[in-house]
Structure formats: structure tokens, C-alpha cells
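Visitor: This structure is in C-alpha cells; I'll ask about it shortly.
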Amino acid sequence: MAEDLRVPVVGNTIPFVYRKLRPMHMRFSAVNSSTELLEPLSVFTEEELTMIVDFCQAHGLDFGELDVLRDYDEGKIYLIDVSPTPNGPPNHISDEDHVEALRRLVMAFEREFVSQSK
């Protein structure tokens, strides 16, 4: 299975990570076999999360999604795509995770942008 990690970024926050799986023969398809919602620290180290947020800050991305791949042999991560117009949750996610993703995005947006402006 091919694994893609979709990382939403809201300000300085990564509220969760989508883990998308699909068969290798469909590696570049937009149709996932499954998608699950994961806690950021279950996927990335603190140092990696800091590097992701720092990358976004350096490039002026305050709200968007990143596609990240991990080389499990080397232990390295690669940021392969940056989208300033997120369109998640992705396909083949459970109804519960869909609702939870939206809830967390709204909470992060409110905390990062709305509460700070008051």
C-alpha cells in the first residue's frame, strides 16, 4: 500500500494528520482505499512538527495543507506539495472522523485567528 500523509496547518497549529492509503498500482490516483485521522505526535516527532510549522511560516502559509511522504528506511520526511486552498476531509474517511476533522479545524481556526483579534 502507498501511504500519503496530509497535514492541515492552521496558523502555528497542526490539529491532526490524515493518513491516506491506496494500492501501489493506484499510487497516483485521487481515490483512497482508506483514510484515517491521526494525532500529529503519533506520526511525526516534535522536531518534525516544528520543522513543518517553520516551513509554513517561512513561506507565508497560515492556512493550508501539506502532502508529506516518509521514507521509513531512512526515517526522513519529504514535503511534496503545499496547498493554500485545503479541500479536505479526503475521500474514504469515516463519518465520525469527517465530523471530528471539521470540529478540530474550526477550533484551531478560532484559536489561531479569531480569538487573537479580540
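Naming scheme: A, B, ... for chains in displayed order of the C-alpha cells; residues 1 onward per chain; ligands 1 onward as shown.
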Select from chain A everything DSSP, run on the backbone, classes as strand (DSSP E or B), then give the selection as a PyMOL selection string.
Guide: chain A and resi 2-10+13+17-22+34-38+63-71+76-83+93
Visitor: Please save N, CA and C atoms of the selected residues as a compact mmCIF listing (two decimals), in the first residue's frame.
Guide:
# COMPACT_ATOMS: atom_id res chain seq x y z
N ALA A 2 0.43 2.25 -0.73
CA ALA A 2 1.07 3.56 -0.72
C ALA A 2 0.43 4.39 0.38
N GLU A 3 1.25 5.12 1.10
CA GLU A 3 0.77 5.96 2.20
C GLU A 3 1.09 7.42 1.90
N ASP A 4 0.08 8.26 2.02
CA ASP A 4 0.26 9.71 1.94
C ASP A 4 -0.19 10.30 3.27
N LEU A 5 0.58 11.25 3.75
CA LEU A 5 0.22 11.96 4.97
C LEU A 5 -0.18 13.38 4.58
N ARG A 6 -1.44 13.71 4.81
CA ARG A 6 -1.95 15.05 4.52
C ARG A 6 -1.97 15.80 5.84
N VAL A 7 -1.28 16.94 5.88
CA VAL A 7 -1.09 17.68 7.12
C VAL A 7 -1.76 19.04 7.02
N PRO A 8 -2.91 19.22 7.67
CA PRO A 8 -3.52 20.55 7.73
C PRO A 8 -2.71 21.44 8.68
N VAL A 9 -2.53 22.69 8.28
CA VAL A 9 -1.84 23.67 9.11
C VAL A 9 -2.75 24.88 9.26
N VAL A 10 -2.99 25.26 10.51
CA VAL A 10 -3.83 26.41 10.83
C VAL A 10 -3.00 27.30 11.74
N THR A 13 -0.57 25.75 14.24
CA THR A 13 -1.16 24.53 14.77
C THR A 13 -1.31 23.47 13.68
N VAL A 17 -3.54 14.75 11.53
CA VAL A 17 -2.96 14.32 10.26
C VAL A 17 -3.90 13.30 9.64
N TYR A 18 -4.15 13.45 8.33
CA TYR A 18 -4.87 12.42 7.59
C TYR A 18 -3.85 11.40 7.08
N ARG A 19 -4.11 10.14 7.30
CA ARG A 19 -3.29 9.07 6.71
C ARG A 19 -4.13 8.42 5.62
N LYS A 20 -3.67 8.58 4.38
CA LYS A 20 -4.42 8.06 3.23
C LYS A 20 -3.66 6.87 2.65
N LEU A 21 -4.39 5.78 2.42
CA LEU A 21 -3.79 4.57 1.85
C LEU A 21 -4.47 4.21 0.55
N ARG A 22 -3.66 3.68 -0.39
CA ARG A 22 -4.20 3.15 -1.64
C ARG A 22 -3.23 2.11 -2.17
N SER A 34 -8.51 3.91 2.01
CA SER A 34 -8.95 4.29 3.36
C SER A 34 -8.24 5.57 3.76
N THR A 35 -8.88 6.28 4.67
CA THR A 35 -8.31 7.49 5.24
C THR A 35 -8.62 7.48 6.73
N GLU A 36 -7.62 7.77 7.53
CA GLU A 36 -7.87 7.84 8.97
C GLU A 36 -7.28 9.12 9.53
N LEU A 37 -7.84 9.54 10.63
CA LEU A 37 -7.44 10.75 11.34
C LEU A 37 -6.48 10.34 12.45
N LEU A 38 -5.29 10.94 12.47
CA LEU A 38 -4.29 10.57 13.47
C LEU A 38 -3.81 11.80 14.25
N PHE A 63 -2.75 29.07 6.48
CA PHE A 63 -3.85 28.12 6.45
C PHE A 63 -3.72 27.30 5.17
N GLY A 64 -3.56 26.00 5.31
CA GLY A 64 -3.41 25.15 4.13
C GLY A 64 -3.19 23.70 4.52
N GLU A 65 -2.78 22.93 3.53
CA GLU A 65 -2.47 21.51 3.73
C GLU A 65 -1.19 21.17 3.00
N LEU A 66 -0.43 20.28 3.62
CA LEU A 66 0.81 19.78 3.03
C LEU A 66 0.67 18.29 2.77
N ASP A 67 1.24 17.83 1.69
CA ASP A 67 1.38 16.39 1.46
C ASP A 67 2.80 16.02 1.85
N VAL A 68 2.90 15.05 2.74
CA VAL A 68 4.19 14.63 3.27
C VAL A 68 4.33 13.13 3.06
N LEU A 69 5.51 12.73 2.62
CA LEU A 69 5.84 11.31 2.50
C LEU A 69 6.95 11.00 3.49
N ARG A 70 6.94 9.78 4.00
CA ARG A 70 8.00 9.35 4.90
C ARG A 70 8.75 8.19 4.25
N ASP A 71 10.07 8.29 4.28
CA ASP A 71 10.93 7.18 3.89
C ASP A 71 11.22 6.41 5.18
N LYS A 76 13.33 9.74 7.16
CA LYS A 76 13.17 11.13 6.77
C LYS A 76 11.76 11.39 6.26
N ILE A 77 11.35 12.68 6.35
CA ILE A 77 10.09 13.09 5.75
C ILE A 77 10.39 14.03 4.59
N TYR A 78 9.46 14.04 3.62
CA TYR A 78 9.58 14.90 2.45
C TYR A 78 8.27 15.62 2.24
N LEU A 79 8.32 16.95 2.20
CA LEU A 79 7.15 17.76 1.88
C LEU A 79 7.09 17.82 0.36
N ILE A 80 6.04 17.26 -0.22
CA ILE A 80 6.00 17.17 -1.68
C ILE A 80 4.96 18.09 -2.32
N ASP A 81 4.06 18.62 -1.52
CA ASP A 81 3.05 19.53 -2.09
C ASP A 81 2.54 20.45 -0.99
N VAL A 82 2.29 21.68 -1.36
CA VAL A 82 1.73 22.67 -0.44
C VAL A 82 0.49 23.25 -1.09
N SER A 83 -0.62 23.20 -0.39
CA SER A 83 -1.86 23.74 -0.93
C SER A 83 -2.41 24.83 -0.01
N ILE A 93 -13.00 8.47 4.31
CA ILE A 93 -12.81 8.69 5.73
C ILE A 93 -14.14 8.36 6.41
Visitor: If you run DSSP over the backbone, which residues in chain A end up alpha helix (DSSP H)? Put them as a ChimeraX atom specification.
Guide: /A:40-43,46-58,95-109
Visitor: Quick one: residues within 10 Å of Glu100 in chain A, only C-alpha atoms counted, chain neighbours fewer than 6 positions away excluded, as a PyMOL selection string?
Guide: chain A and resi 16+37+89+94+106
Visitor: Take the selection from the previous step and output its residues with N, CA and C atoms, as a PDB file, in the first residue's frame.
Guide:
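As written to disk, part24.pdb reads:
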ATOM      1  N   PHE A  16      -4.285  17.748  13.407  1.00  0.00           N
ATOM      2  CA  PHE A  16      -4.338  16.302  13.186  1.00  0.00           C
ATOM      3  C   PHE A  16      -3.620  16.018  11.877  1.00  0.00           C
ATOM      4  N   LEU A  37      -7.843   9.544  10.632  1.00  0.00           N
ATOM      5  CA  LEU A  37      -7.437  10.748  11.338  1.00  0.00           C
ATOM      6  C   LEU A  37      -6.478  10.336  12.450  1.00  0.00           C
ATOM      7  N   PRO A  89     -12.149  17.155   4.357  1.00  0.00           N
ATOM      8  CA  PRO A  89     -11.551  15.843   4.519  1.00  0.00           C
ATOM      9  C   PRO A  89     -11.551  15.026   3.214  1.00  0.00           C
ATOM     10  N   SER A  94     -14.094   7.851   7.613  1.00  0.00           N
ATOM     11  CA  SER A  94     -15.339   7.504   8.302  1.00  0.00           C
ATOM     12  C   SER A  94     -16.141   8.766   8.601  1.00  0.00           C
ATOM     13  N   VAL A 106     -12.141  23.895  12.845  1.00  0.00           N
ATOM     14  CA  VAL A 106     -12.850  25.088  13.317  1.00  0.00           C
ATOM     15  C   VAL A 106     -12.244  25.575  14.633  1.00  0.00           C
TER      16      VAL A 106
END
